[in-house]
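For reference, query_23.pdb (PDB, C-alpha atoms and all ligand atoms):
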```
MODEL        1
ATOM      1  CA  MET J   1       0.000   0.000   0.000
ATOM      2  CA  ASP J   2       2.831   2.425  -0.649
ATOM      3  CA  ASN J   3       1.456   3.477  -3.997
ATOM      4  CA  HIS J   4      -0.095   6.942  -3.846
ATOM      5  CA  ASN J   5      -2.922   5.835  -6.145
ATOM      6  CA  CYS J   6      -3.857   2.915  -3.923
ATOM      7  CA  ARG J   7      -4.204   5.210  -0.941
ATOM      8  CA  GLU J   8      -6.315   7.691  -2.900
ATOM      9  CA  LEU J   9      -8.731   4.984  -3.949
ATOM     10  CA  LEU J  10      -9.176   3.311  -0.547
ATOM     11  CA  GLY J  11     -12.260   5.350   0.291
ATOM     12  CA  THR J  12     -14.009   4.267  -2.920
ATOM     13  CA  LEU J  13     -13.790   0.499  -2.435
ATOM     14  CA  SER J  14     -16.818   0.144  -0.184
ATOM     15  CA  ASP J  15     -19.100   1.980  -2.630
ATOM     16  CA  TYR J  16     -17.529  -0.016  -5.433
ATOM     17  CA  ILE J  17     -18.487  -3.414  -4.015
ATOM     18  CA  ASP J  18     -22.035  -2.094  -3.526
ATOM     19  CA  GLY J  19     -22.117  -1.050  -7.171
ATOM     20  CA  ALA J  20     -22.770   2.464  -5.902
ATOM     21  CA  LEU J  21     -19.635   4.210  -7.108
ATOM     22  CA  GLU J  22     -20.210   7.033  -9.567
ATOM     23  CA  ALA J  23     -19.235   6.215 -13.139
ATOM     24  CA  GLU J  24     -16.137   8.370 -13.407
ATOM     25  CA  LEU J  25     -14.568   7.105 -10.180
ATOM     26  CA  CYS J  26     -15.571   3.568 -11.063
ATOM     27  CA  ALA J  27     -13.724   3.734 -14.390
ATOM     28  CA  GLN J  28     -10.697   5.215 -12.649
ATOM     29  CA  LEU J  29     -10.702   2.470 -10.025
ATOM     30  CA  GLU J  30     -11.153  -0.336 -12.531
ATOM     31  CA  GLN J  31      -8.273   0.989 -14.579
ATOM     32  CA  HIS J  32      -6.142   0.925 -11.462
ATOM     33  CA  LEU J  33      -7.308  -2.559 -10.474
ATOM     34  CA  ALA J  34      -6.293  -3.897 -13.865
ATOM     35  CA  SER J  35      -2.675  -3.190 -13.019
ATOM     36  CA  CYS J  36      -2.596  -3.406  -9.217
ATOM     37  CA  GLU J  37      -2.640  -6.855  -7.686
ATOM     38  CA  ASN J  38      -2.699  -5.519  -4.107
ATOM     39  CA  CYS J  39      -5.821  -3.473  -4.582
ATOM     40  CA  ARG J  40      -7.512  -6.385  -6.340
ATOM     41  CA  VAL J  41      -6.852  -8.524  -3.267
ATOM     42  CA  VAL J  42      -8.229  -5.798  -0.993
ATOM     43  CA  VAL J  43     -11.391  -5.490  -3.107
ATOM     44  CA  ASP J  44     -11.907  -9.264  -3.222
ATOM     45  CA  THR J  45     -11.349  -9.780   0.496
ATOM     46  CA  LEU J  46     -13.496  -6.749   1.333
ATOM     47  CA  HIS J  47     -16.279  -8.205  -0.748
ATOM     48  CA  LYS J  48     -15.832 -11.601   0.887
ATOM     49  CA  THR J  49     -15.831 -10.020   4.358
ATOM     50  CA  VAL J  50     -19.190  -8.380   3.740
ATOM     51  CA  SER J  51     -20.724 -11.480   2.193
ATOM     52  CA  LEU J  52     -19.531 -13.682   5.090
ATOM     53  CA  TYR J  53     -21.271 -11.379   7.559
ATOM     54  CA  GLN J  54     -24.403 -11.308   5.427
ATOM     55  CA  THR J  55     -24.475 -15.092   5.213
ATOM     56  CA  THR J  56     -24.026 -15.644   8.927
ATOM     57  CA  ALA J  57     -26.644 -12.981   9.708
ATOM     58  CA  THR J  58     -29.343 -14.881   7.868
ATOM     59  CA  LYS J  59     -28.330 -18.063   9.679
ATOM     60  CA  SER J  60     -28.460 -16.668  13.198
ATOM     61  CA  SER J  61     -31.681 -17.366  15.032
ATOM     62  CA  VAL J  62     -33.249 -16.223  18.252
ATOM     63  CA  PRO J  63     -32.509 -18.618  21.149
ATOM     64  CA  GLN J  64     -35.325 -20.703  22.515
ATOM     65  CA  GLY J  65     -37.496 -19.085  25.132
ATOM     66  CA  VAL J  66     -36.745 -15.511  24.097
ATOM     67  CA  ARG J  67     -40.029 -15.081  22.252
ATOM     68  CA  GLU J  68     -42.052 -16.625  25.086
ATOM     69  CA  ARG J  69     -40.377 -14.449  27.721
ATOM     70  CA  LEU J  70     -40.895 -11.373  25.555
ATOM     71  CA  PHE J  71     -44.620 -11.996  25.145
ATOM     72  CA  SER J  72     -44.937 -12.738  28.815
ATOM     73  CA  ARG J  73     -43.060  -9.571  29.851
ATOM     74  CA  LEU J  74     -45.404  -7.581  27.602
ATOM     75  CA  GLU J  75     -48.428  -9.369  29.065
ATOM     76  CA  LEU J  76     -49.336 -10.669  25.641
ATOM     77  CA  GLU J  77     -49.291 -14.384  26.510
ATOM     78  CA  GLU J  78     -52.762 -14.890  25.111
ATOM     79  CA  PHE J  79     -51.369 -14.139  21.634
ATOM     80  CA  LEU J  80     -48.567 -16.671  21.965
ATOM     81  CA  LYS J  81     -49.544 -19.254  19.468
ATOM     82  CA  LYS J  82     -47.640 -21.515  17.077
TER      83      LYS J  82
ATOM     84  CA  MET Q  83     -38.379  -2.187   5.115
ATOM     85  CA  ASN Q  84     -38.303  -5.911   5.746
ATOM     86  CA  GLU Q  85     -42.057  -6.304   5.586
ATOM     87  CA  THR Q  86     -43.150  -8.586   2.863
ATOM     88  CA  PRO Q  87     -45.121  -6.562   0.323
ATOM     89  CA  SER Q  88     -48.116  -8.858   0.616
ATOM     90  CA  LYS Q  89     -48.469  -8.041   4.299
ATOM     91  CA  PRO Q  90     -49.497  -4.468   5.005
ATOM     92  CA  ASP Q  91     -47.909  -2.843   8.041
ATOM     93  CA  VAL Q  92     -49.778  -3.319  11.306
ATOM     94  CA  SER Q  93     -52.589  -0.766  11.537
ATOM     95  CA  LEU Q  94     -51.267   2.336  13.225
ATOM     96  CA  ALA Q  95     -54.764   3.376  14.218
ATOM     97  CA  ALA Q  96     -55.260   0.066  16.013
ATOM     98  CA  LEU Q  97     -51.897   0.399  17.772
ATOM     99  CA  LYS Q  98     -52.699   3.922  18.890
ATOM    100  CA  ALA Q  99     -56.076   2.794  20.146
ATOM    101  CA  GLY Q 100     -54.253   0.314  22.391
ATOM    102  CA  ASP Q 101     -55.379  -2.762  20.470
ATOM    103  CA  ARG Q 102     -53.384  -5.578  22.077
ATOM    104  CA  ALA Q 103     -53.806  -7.988  19.189
ATOM    105  CA  ALA Q 104     -52.308  -5.384  16.848
ATOM    106  CA  PHE Q 105     -49.443  -4.884  19.248
ATOM    107  CA  ALA Q 106     -48.836  -8.629  19.478
ATOM    108  CA  GLU Q 107     -48.710  -8.671  15.684
ATOM    109  CA  LEU Q 108     -46.161  -5.847  15.683
ATOM    110  CA  VAL Q 109     -44.011  -7.750  18.175
ATOM    111  CA  GLN Q 110     -44.302 -10.974  16.212
ATOM    112  CA  ARG Q 111     -43.204  -9.296  12.976
ATOM    113  CA  HIS Q 112     -40.224  -7.446  14.345
ATOM    114  CA  TYR Q 113     -38.819  -9.250  17.366
ATOM    115  CA  GLU Q 114     -36.301 -11.355  15.440
ATOM    116  CA  LEU Q 115     -34.783  -8.338  13.695
ATOM    117  CA  ILE Q 116     -34.604  -6.356  16.921
ATOM    118  CA  TYR Q 117     -32.995  -9.268  18.743
ATOM    119  CA  ARG Q 118     -30.396  -9.655  16.019
ATOM    120  CA  LEU Q 119     -29.567  -5.953  16.130
ATOM    121  CA  ALA Q 120     -29.161  -6.173  19.903
ATOM    122  CA  ILE Q 121     -27.041  -9.323  19.949
ATOM    123  CA  LYS Q 122     -24.706  -7.963  17.260
ATOM    124  CA  MET Q 123     -24.348  -4.648  19.083
ATOM    125  CA  LEU Q 124     -23.917  -6.107  22.572
ATOM    126  CA  GLY Q 125     -22.508  -9.566  22.002
ATOM    127  CA  ASN Q 126     -24.284 -10.945  25.055
ATOM    128  CA  PRO Q 127     -27.571 -12.894  24.881
ATOM    129  CA  GLN Q 128     -28.841 -11.726  28.277
ATOM    130  CA  ASP Q 129     -28.286  -8.046  27.468
ATOM    131  CA  ALA Q 130     -29.747  -8.548  23.999
ATOM    132  CA  GLU Q 131     -32.891 -10.024  25.505
ATOM    133  CA  ASP Q 132     -33.189  -7.102  27.920
ATOM    134  CA  VAL Q 133     -32.821  -4.637  25.052
ATOM    135  CA  LEU Q 134     -35.450  -6.536  23.082
ATOM    136  CA  GLN Q 135     -37.936  -6.364  25.946
ATOM    137  CA  GLU Q 136     -37.213  -2.731  26.765
ATOM    138  CA  THR Q 137     -37.631  -1.788  23.110
ATOM    139  CA  PHE Q 138     -41.177  -3.111  22.941
ATOM    140  CA  ILE Q 139     -42.083  -1.780  26.381
ATOM    141  CA  LYS Q 140     -41.010   1.687  25.210
ATOM    142  CA  ALA Q 141     -42.770   1.205  21.875
ATOM    143  CA  PHE Q 142     -45.970   0.317  23.689
ATOM    144  CA  LYS Q 143     -45.657   3.354  25.930
ATOM    145  CA  HIS Q 144     -44.802   5.828  23.174
ATOM    146  CA  ILE Q 145     -46.859   4.649  20.236
ATOM    147  CA  LYS Q 146     -49.188   7.613  20.894
ATOM    148  CA  ASP Q 147     -46.337   9.962  19.981
ATOM    149  CA  PHE Q 148     -45.318   8.140  16.810
ATOM    150  CA  ASP Q 149     -45.902  10.620  14.000
ATOM    151  CA  GLY Q 150     -45.789   8.181  11.110
ATOM    152  CA  ARG Q 151     -43.074  10.100   9.276
ATOM    153  CA  SER Q 152     -40.870   7.018   9.195
ATOM    154  CA  SER Q 153     -41.950   3.407   8.871
ATOM    155  CA  LEU Q 154     -42.792   1.509  12.039
ATOM    156  CA  SER Q 155     -39.719  -0.659  11.663
ATOM    157  CA  THR Q 156     -37.437   2.392  11.377
ATOM    158  CA  TRP Q 157     -39.069   3.752  14.500
ATOM    159  CA  LEU Q 158     -38.528   0.460  16.337
ATOM    160  CA  TYR Q 159     -34.904   0.409  15.212
ATOM    161  CA  ARG Q 160     -34.448   3.906  16.633
ATOM    162  CA  ILE Q 161     -35.759   2.810  20.009
ATOM    163  CA  ALA Q 162     -33.679  -0.385  19.962
ATOM    164  CA  THR Q 163     -30.551   1.526  18.975
ATOM    165  CA  ASN Q 164     -30.977   3.945  21.861
ATOM    166  CA  GLU Q 165     -31.566   1.094  24.282
ATOM    167  CA  ALA Q 166     -28.452  -0.710  23.059
ATOM    168  CA  LEU Q 167     -26.395   2.465  23.459
ATOM    169  CA  MET Q 168     -27.655   2.832  27.015
ATOM    170  CA  PHE Q 169     -26.537  -0.697  27.801
ATOM    171  CA  LEU Q 170     -23.105  -0.092  26.337
ATOM    172  CA  ARG Q 171     -22.795   3.130  28.312
ATOM    173  CA  ARG Q 172     -23.795   1.399  31.522
ATOM    174  CA  ARG Q 173     -21.363  -1.426  30.890
ATOM    175  CA  THR Q 174     -18.318   0.797  30.426
ATOM    176  CA  PRO Q 175     -19.273   4.194  31.824
ATOM    177  CA  GLN Q 176     -15.679   5.284  32.292
ATOM    178  CA  THR Q 177     -14.736   4.811  28.661
ATOM    179  CA  PHE Q 178     -17.995   5.635  27.010
ATOM    180  CA  SER Q 179     -19.115   9.030  25.899
ATOM    181  CA  LEU Q 180     -20.828   9.963  22.676
ATOM    182  CA  ASP Q 181     -17.751  11.901  21.602
ATOM    183  CA  GLU Q 182     -15.694   8.842  22.209
ATOM    184  CA  THR Q 183     -17.792   6.799  19.835
ATOM    185  CA  MET Q 184     -16.661   9.168  17.121
ATOM    186  CA  GLN Q 185     -12.981   8.725  17.863
ATOM    187  CA  GLY Q 186     -10.947   6.895  15.319
ATOM    188  CA  GLU Q 187     -13.621   7.378  12.726
ATOM    189  CA  ASP Q 188     -12.115  10.305  10.926
ATOM    190  CA  ARG Q 189      -9.169   8.477   9.483
ATOM    191  CA  GLU Q 190      -9.004   6.139   6.533
ATOM    192  CA  ILE Q 191      -8.450   2.520   7.569
ATOM    193  CA  GLU Q 192      -5.297   1.305   5.848
ATOM    194  CA  PRO Q 193      -5.228  -2.269   4.620
ATOM    195  CA  LEU Q 194      -2.620  -3.965   6.792
ATOM    196  CA  GLN Q 195      -2.837  -7.452   5.390
ATOM    197  CA  ILE Q 196      -2.735  -8.167   1.699
ATOM    198  CA  THR Q 197      -3.449 -11.854   1.579
ATOM    199  CA  ASP Q 198      -6.026 -13.338  -0.718
ATOM    200  CA  TRP Q 199      -7.908 -15.697   1.557
ATOM    201  CA  CYS Q 200     -11.059 -15.798  -0.575
ATOM    202  CA  CYS Q 201     -10.002 -19.199  -1.925
ATOM    203  CA  LEU Q 202     -10.165 -20.880   1.496
ATOM    204  CA  PRO Q 203     -12.703 -23.717   1.537
ATOM    205  CA  GLU Q 204     -16.217 -22.790   2.623
ATOM    206  CA  GLN Q 205     -16.017 -25.076   5.666
ATOM    207  CA  GLU Q 206     -13.027 -23.064   6.881
ATOM    208  CA  LEU Q 207     -14.689 -19.705   6.200
ATOM    209  CA  MET Q 208     -17.950 -20.747   7.845
ATOM    210  CA  SER Q 209     -16.577 -22.796  10.750
ATOM    211  CA  GLU Q 210     -17.862 -22.329  14.277
ATOM    212  CA  GLU Q 211     -14.524 -20.814  15.227
ATOM    213  CA  ALA Q 212     -14.577 -18.411  12.281
ATOM    214  CA  GLN Q 213     -18.076 -17.381  13.309
ATOM    215  CA  GLN Q 214     -16.853 -16.503  16.785
ATOM    216  CA  TYR Q 215     -14.003 -14.543  15.288
ATOM    217  CA  LEU Q 216     -16.432 -12.598  13.104
ATOM    218  CA  ASP Q 217     -18.463 -11.634  16.181
ATOM    219  CA  HIS Q 218     -15.292 -10.741  18.056
ATOM    220  CA  ALA Q 219     -14.236  -8.471  15.187
ATOM    221  CA  ILE Q 220     -17.585  -6.628  15.259
ATOM    222  CA  ALA Q 221     -17.218  -6.107  19.002
ATOM    223  CA  LYS Q 222     -13.888  -4.362  18.423
ATOM    224  CA  LEU Q 223     -15.402  -1.723  16.140
ATOM    225  CA  PRO Q 224     -15.973   1.723  17.668
ATOM    226  CA  VAL Q 225     -19.653   1.957  18.574
ATOM    227  CA  GLY Q 226     -20.494   4.540  15.898
ATOM    228  CA  LEU Q 227     -19.048   2.322  13.173
ATOM    229  CA  ARG Q 228     -20.544  -0.833  14.647
ATOM    230  CA  LEU Q 229     -24.061   0.625  14.540
ATOM    231  CA  VAL Q 230     -23.801   1.560  10.885
ATOM    232  CA  PHE Q 231     -22.288  -1.784   9.921
ATOM    233  CA  VAL Q 232     -24.898  -3.807  11.807
ATOM    234  CA  LEU Q 233     -27.816  -1.843  10.356
ATOM    235  CA  ARG Q 234     -26.497  -1.856   6.779
ATOM    236  CA  ASP Q 235     -24.743  -5.175   6.343
ATOM    237  CA  ILE Q 236     -26.314  -7.402   8.994
ATOM    238  CA  GLN Q 237     -29.869  -6.069   9.043
ATOM    239  CA  GLY Q 238     -29.851  -5.158   5.365
ATOM    240  CA  LEU Q 239     -31.182  -1.619   5.697
ATOM    241  CA  SER Q 240     -30.542   0.773   2.827
ATOM    242  CA  THR Q 241     -28.205   3.739   3.212
ATOM    243  CA  ARG Q 242     -31.186   6.045   3.558
ATOM    244  CA  GLU Q 243     -32.962   3.894   6.124
ATOM    245  CA  THR Q 244     -29.776   3.619   8.172
ATOM    246  CA  GLY Q 245     -29.433   7.398   8.049
ATOM    247  CA  GLU Q 246     -33.012   7.773   9.262
ATOM    248  CA  VAL Q 247     -32.448   5.484  12.227
ATOM    249  CA  LEU Q 248     -29.209   7.188  13.258
ATOM    250  CA  ASP Q 249     -29.907  10.770  12.132
ATOM    251  CA  LEU Q 250     -26.997  10.687   9.729
ATOM    252  CA  THR Q 251     -26.632  11.951   6.170
ATOM    253  CA  ASP Q 252     -26.129   9.441   3.348
ATOM    254  CA  THR Q 253     -22.520  10.546   3.069
ATOM    255  CA  ALA Q 254     -21.888   9.990   6.768
ATOM    256  CA  VAL Q 255     -23.448   6.528   6.577
ATOM    257  CA  LYS Q 256     -21.291   5.601   3.584
ATOM    258  CA  THR Q 257     -18.102   6.902   5.163
ATOM    259  CA  ARG Q 258     -18.682   5.018   8.390
ATOM    260  CA  LEU Q 259     -19.689   1.874   6.569
ATOM    261  CA  SER Q 260     -16.518   2.036   4.509
ATOM    262  CA  ARG Q 261     -14.346   2.345   7.624
ATOM    263  CA  ALA Q 262     -16.187  -0.387   9.446
ATOM    264  CA  ARG Q 263     -15.829  -2.778   6.511
ATOM    265  CA  MET Q 264     -12.147  -1.973   6.020
ATOM    266  CA  GLN Q 265     -11.421  -2.548   9.690
ATOM    267  CA  LEU Q 266     -13.301  -5.844   9.651
ATOM    268  CA  ARG Q 267     -11.458  -6.872   6.502
ATOM    269  CA  ASN Q 268      -8.185  -6.249   8.319
ATOM    270  CA  GLU Q 269      -9.282  -8.310  11.317
ATOM    271  CA  LEU Q 270     -10.540 -11.186   9.199
ATOM    272  CA  SER Q 271      -7.399 -11.122   7.066
ATOM    273  CA  VAL Q 272      -5.218 -11.648  10.134
ATOM    274  CA  TYR Q 273      -7.346 -14.605  11.143
ATOM    275  CA  PHE Q 274      -7.736 -16.253   7.747
ATOM    276  CA  GLN Q 275      -4.129 -15.693   6.775
ATOM    277  CA  GLU Q 276      -3.189 -17.915   9.704
ATOM    278  CA  ARG Q 277      -5.601 -20.544   8.433
ATOM    279  CA  MET Q 278      -3.944 -20.378   5.031
ATOM    280  CA  THR Q 279      -0.461 -20.846   6.447
ATOM    281  CA  LYS Q 280      -1.707 -23.809   8.443
ATOM    282  CA  GLY Q 281      -3.216 -25.247   5.296
ATOM    283  CA  GLU Q 282       0.116 -25.010   3.547
ATOM    284  CA  GLU Q 283       1.966 -26.717   6.396
ATOM    285  CA  ALA Q 284      -0.482 -29.579   6.504
TER     286      ALA Q 284
HETATM  287 ZN    ZN M 301      -3.428  -0.293  -5.867
ENDMDL
END
```
For the structure just supplied, provide its representation as structure tokens.
Ligand SMILES: [Zn+2]
Amino acid sequence: MDNHNCRELLGTLSDYIDGALEAELCAQLEQHLASCENCRVVVDTLHKTVSLYQTTATKSSVPQGVRERLFSRLELEEFLKK
Amino acid sequence: MNETPSKPDVSLAALKAGDRAAFAELVQRHYELIYRLAIKMLGNPQDAEDVLQETFIKAFKHIKDFDGRSSLSTWLYRIATNEALMFLRRRTPQTFSLDETMQGEDREIEPLQITDWCCLPEQELMSEEAQQYLDHAIAKLPVGLRLVFVLRDIQGLSTRETGEVLDLTDTAVKTRLSRARMQLRNELSVYFQERMTKGEEA
């Protein structure tokens, strides 16, 4: 990361992986990525980082009993079905 | 956000009239998302459950004042976020001030590790141990960054919705998200790089 260009472009990577980077900056970044292995690795691992978190988020579930205790605390037991 | 289009939002009129069935429906639709927000922010199931309960108690109490300018789920997220912040403040009062949550957020996060660990097998990336490390890495984020990351990338809110919950501009949300992601990438790279070296030795 000693390259001046790499440093300049750091702040654009997050928008880039969201597909939310404005066209001009996007073209500039992609041109840089074509010749910079380091930045390609950062983009790929950044992307992977986000997708790992997204995957695990959808897998996480509420522990048993939490829903029951919530309804009971709110005095809504009568609506506790299924 | 997060409501399936086929299901209309719970009737606000019914909620305001104190209809308990409507409130039970509101709880049923949102409790999982609120719990997930709380557990990711606090890292502790007991605290997360307390935040969950307090959120709906407050929602019940203040539904009269809800002005309908945001969606109900955004409103619930706002309450839950404030509750979670109160817990964090109580837990570490000596180190926690709102100013402090902003510290370390105004600098670009430099990539420290340049290792391509994307090629690690899925079972390594998704192992129980990796999962714990992911949670540990979130816990190390400054609170202001953690909130934005959890709302955007874990809860799947849009930039605008996240800004509404936290009273931040789109630009501020994007900047914080970028820093949070870069810091997490650094943390995960340290961890997975070790896994790669181990793989090579084996
Ligand atoms: Zn570069």
Sorted per-residue table, chain J near ligand ZN 301 (chain M), closest atoms and distance, 12 Å, all atoms listed in the file, as a Markdown table:
```
| residue | atom | partner | partner_atom | distance |
| --- | --- | --- | --- | --- |
| J:Met1 | CA | M:ZN301 | ZN | 6.8 |
| J:Asp2 | CA | M:ZN301 | ZN | 8.6 |
| J:Asn3 | CA | M:ZN301 | ZN | 6.4 |
| J:His4 | CA | M:ZN301 | ZN | 8.2 |
| J:Asn5 | CA | M:ZN301 | ZN | 6.2 |
| J:Cys6 | CA | M:ZN301 | ZN | 3.8 |
| J:Arg7 | CA | M:ZN301 | ZN | 7.4 |
| J:Glu8 | CA | M:ZN301 | ZN | 9.0 |
| J:Leu9 | CA | M:ZN301 | ZN | 7.7 |
| J:Leu10 | CA | M:ZN301 | ZN | 8.6 |
| J:Thr12 | CA | M:ZN301 | ZN | 11.9 |
| J:Leu13 | CA | M:ZN301 | ZN | 10.9 |
| J:Gln28 | CA | M:ZN301 | ZN | 11.4 |
| J:Leu29 | CA | M:ZN301 | ZN | 8.8 |
| J:Glu30 | CA | M:ZN301 | ZN | 10.2 |
| J:Gln31 | CA | M:ZN301 | ZN | 10.1 |
| J:His32 | CA | M:ZN301 | ZN | 6.3 |
| J:Leu33 | CA | M:ZN301 | ZN | 6.4 |
| J:Ala34 | CA | M:ZN301 | ZN | 9.2 |
| J:Ser35 | CA | M:ZN301 | ZN | 7.8 |
| J:Cys36 | CA | M:ZN301 | ZN | 4.6 |
| J:Glu37 | CA | M:ZN301 | ZN | 6.9 |
| J:Asn38 | CA | M:ZN301 | ZN | 5.6 |
| J:Cys39 | CA | M:ZN301 | ZN | 4.2 |
| J:Arg40 | CA | M:ZN301 | ZN | 7.3 |
| J:Val41 | CA | M:ZN301 | ZN | 9.3 |
| J:Val42 | CA | M:ZN301 | ZN | 8.8 |
| J:Val43 | CA | M:ZN301 | ZN | 9.9 |
```
Quick one: contact table of chain Q to chain J, 9 Å max, nearest atom pair and distance in Å to one decimal per residue, counting only C-alpha atoms, chain and number order, as a tab-separated table?
```
residue	atom	partner	partner_atom	distance
Q:Arg102	CA	J:Leu76	CA	7.4
Q:Ala103	CA	J:Phe79	CA	7.1
Q:Phe105	CA	J:Leu76	CA	8.6
Q:Ala106	CA	J:Phe79	CA	6.4
Q:Glu107	CA	J:Phe79	CA	8.5
Q:Val109	CA	J:Phe71	CA	8.2
Q:Gln110	CA	J:Arg67	CA	8.5
Q:Tyr113	CA	J:Arg67	CA	7.7
Q:Glu114	CA	J:Val62	CA	6.4
Q:Tyr117	CA	J:Val62	CA	7.0
Q:Arg118	CA	J:Val62	CA	7.5
Q:Pro127	CA	J:Pro63	CA	8.4
Q:Glu131	CA	J:Val66	CA	6.9
Q:Leu134	CA	J:Leu70	CA	7.7
Q:Gln135	CA	J:Leu70	CA	5.8
Q:Phe138	CA	J:Leu74	CA	7.7
Q:Ile139	CA	J:Leu74	CA	6.8
Q:Phe142	CA	J:Leu74	CA	8.8
Q:Glu190	CA	J:Gly11	CA	7.1
Q:Ile191	CA	J:Leu10	CA	8.2
Q:Glu192	CA	J:Leu10	CA	7.7
Q:Pro193	CA	J:Val42	CA	7.3
Q:Leu194	CA	J:Met1	CA	8.3
Q:Gln195	CA	J:Val42	CA	8.5
Q:Ile196	CA	J:Asn38	CA	6.4
Q:Thr197	CA	J:Val41	CA	6.8
Q:Asp198	CA	J:Val41	CA	5.5
Q:Trp199	CA	J:Thr45	CA	6.9
Q:Cys200	CA	J:Thr45	CA	6.1
Q:Leu207	CA	J:Leu52	CA	7.8
Q:Met208	CA	J:Leu52	CA	7.7
Q:Gln213	CA	J:Thr56	CA	7.6
Q:Leu216	CA	J:Tyr53	CA	7.5
Q:Asp235	CA	J:Gln54	CA	6.2
Q:Ile236	CA	J:Gln54	CA	5.6
Q:Gln237	CA	J:Ala57	CA	7.7
Q:Gly238	CA	J:Gln54	CA	8.2
Q:Lys256	CA	J:Asp15	CA	7.5
Q:Thr257	CA	J:Gly11	CA	7.8
Q:Leu259	CA	J:Ser14	CA	7.5
Q:Ser260	CA	J:Ser14	CA	5.1
Q:Arg261	CA	J:Gly11	CA	8.2
Q:Arg263	CA	J:Leu46	CA	6.9
Q:Met264	CA	J:Leu46	CA	6.8
Q:Leu266	CA	J:Thr49	CA	7.2
Q:Arg267	CA	J:Leu46	CA	5.6
Q:Asn268	CA	J:Leu46	CA	8.8
Q:Leu270	CA	J:Thr49	CA	7.3
Q:Ser271	CA	J:Thr45	CA	7.8
```
Quick one: write out the picked residues with C-alpha atoms as a PDB file, keeping the file's coordinate frame?
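The new file out.pdb reads:
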```pdb
ATOM      1  CA  ARG Q 102     -53.384  -5.578  22.077  1.00  0.00           C
ATOM      2  CA  ALA Q 103     -53.806  -7.988  19.189  1.00  0.00           C
ATOM      3  CA  PHE Q 105     -49.443  -4.884  19.248  1.00  0.00           C
ATOM      4  CA  ALA Q 106     -48.836  -8.629  19.478  1.00  0.00           C
ATOM      5  CA  GLU Q 107     -48.710  -8.671  15.684  1.00  0.00           C
ATOM      6  CA  VAL Q 109     -44.011  -7.750  18.175  1.00  0.00           C
ATOM      7  CA  GLN Q 110     -44.302 -10.974  16.212  1.00  0.00           C
ATOM      8  CA  TYR Q 113     -38.819  -9.250  17.366  1.00  0.00           C
ATOM      9  CA  GLU Q 114     -36.301 -11.355  15.440  1.00  0.00           C
ATOM     10  CA  TYR Q 117     -32.995  -9.268  18.743  1.00  0.00           C
ATOM     11  CA  ARG Q 118     -30.396  -9.655  16.019  1.00  0.00           C
ATOM     12  CA  PRO Q 127     -27.571 -12.894  24.881  1.00  0.00           C
ATOM     13  CA  GLU Q 131     -32.891 -10.024  25.505  1.00  0.00           C
ATOM     14  CA  LEU Q 134     -35.450  -6.536  23.082  1.00  0.00           C
ATOM     15  CA  GLN Q 135     -37.936  -6.364  25.946  1.00  0.00           C
ATOM     16  CA  PHE Q 138     -41.177  -3.111  22.941  1.00  0.00           C
ATOM     17  CA  ILE Q 139     -42.083  -1.780  26.381  1.00  0.00           C
ATOM     18  CA  PHE Q 142     -45.970   0.317  23.689  1.00  0.00           C
ATOM     19  CA  GLU Q 190      -9.004   6.139   6.533  1.00  0.00           C
ATOM     20  CA  ILE Q 191      -8.450   2.520   7.569  1.00  0.00           C
ATOM     21  CA  GLU Q 192      -5.297   1.305   5.848  1.00  0.00           C
ATOM     22  CA  PRO Q 193      -5.228  -2.269   4.620  1.00  0.00           C
ATOM     23  CA  LEU Q 194      -2.620  -3.965   6.792  1.00  0.00           C
ATOM     24  CA  GLN Q 195      -2.837  -7.452   5.390  1.00  0.00           C
ATOM     25  CA  ILE Q 196      -2.735  -8.167   1.699  1.00  0.00           C
ATOM     26  CA  THR Q 197      -3.449 -11.854   1.579  1.00  0.00           C
ATOM     27  CA  ASP Q 198      -6.026 -13.338  -0.718  1.00  0.00           C
ATOM     28  CA  TRP Q 199      -7.908 -15.697   1.557  1.00  0.00           C
ATOM     29  CA  CYS Q 200     -11.059 -15.798  -0.575  1.00  0.00           C
ATOM     30  CA  LEU Q 207     -14.689 -19.705   6.200  1.00  0.00           C
ATOM     31  CA  MET Q 208     -17.950 -20.747   7.845  1.00  0.00           C
ATOM     32  CA  GLN Q 213     -18.076 -17.381  13.309  1.00  0.00           C
ATOM     33  CA  LEU Q 216     -16.432 -12.598  13.104  1.00  0.00           C
ATOM     34  CA  ASP Q 235     -24.743  -5.175   6.343  1.00  0.00           C
ATOM     35  CA  ILE Q 236     -26.314  -7.402   8.994  1.00  0.00           C
ATOM     36  CA  GLN Q 237     -29.869  -6.069   9.043  1.00  0.00           C
ATOM     37  CA  GLY Q 238     -29.851  -5.158   5.365  1.00  0.00           C
ATOM     38  CA  LYS Q 256     -21.291   5.601   3.584  1.00  0.00           C
ATOM     39  CA  THR Q 257     -18.102   6.902   5.163  1.00  0.00           C
ATOM     40  CA  LEU Q 259     -19.689   1.874   6.569  1.00  0.00           C
ATOM     41  CA  SER Q 260     -16.518   2.036   4.509  1.00  0.00           C
ATOM     42  CA  ARG Q 261     -14.346   2.345   7.624  1.00  0.00           C
ATOM     43  CA  ARG Q 263     -15.829  -2.778   6.511  1.00  0.00           C
ATOM     44  CA  MET Q 264     -12.147  -1.973   6.020  1.00  0.00           C
ATOM     45  CA  LEU Q 266     -13.301  -5.844   9.651  1.00  0.00           C
ATOM     46  CA  ARG Q 267     -11.458  -6.872   6.502  1.00  0.00           C
ATOM     47  CA  ASN Q 268      -8.185  -6.249   8.319  1.00  0.00           C
ATOM     48  CA  LEU Q 270     -10.540 -11.186   9.199  1.00  0.00           C
ATOM     49  CA  SER Q 271      -7.399 -11.122   7.066  1.00  0.00           C
TER      50      SER Q 271
END
```
Using all atoms of stretch 45-49 of chain J listed in the file and a margin of 6 Å per side, can you give the axis-aligned box centre and edge lengths in Å to one decimal, as AutoDock Vina command-line options?
```
--center_x -13.8 --center_y -9.2 --center_z 1.8 --size_x 16.9 --size_y 16.9 --size_z 17.1
```
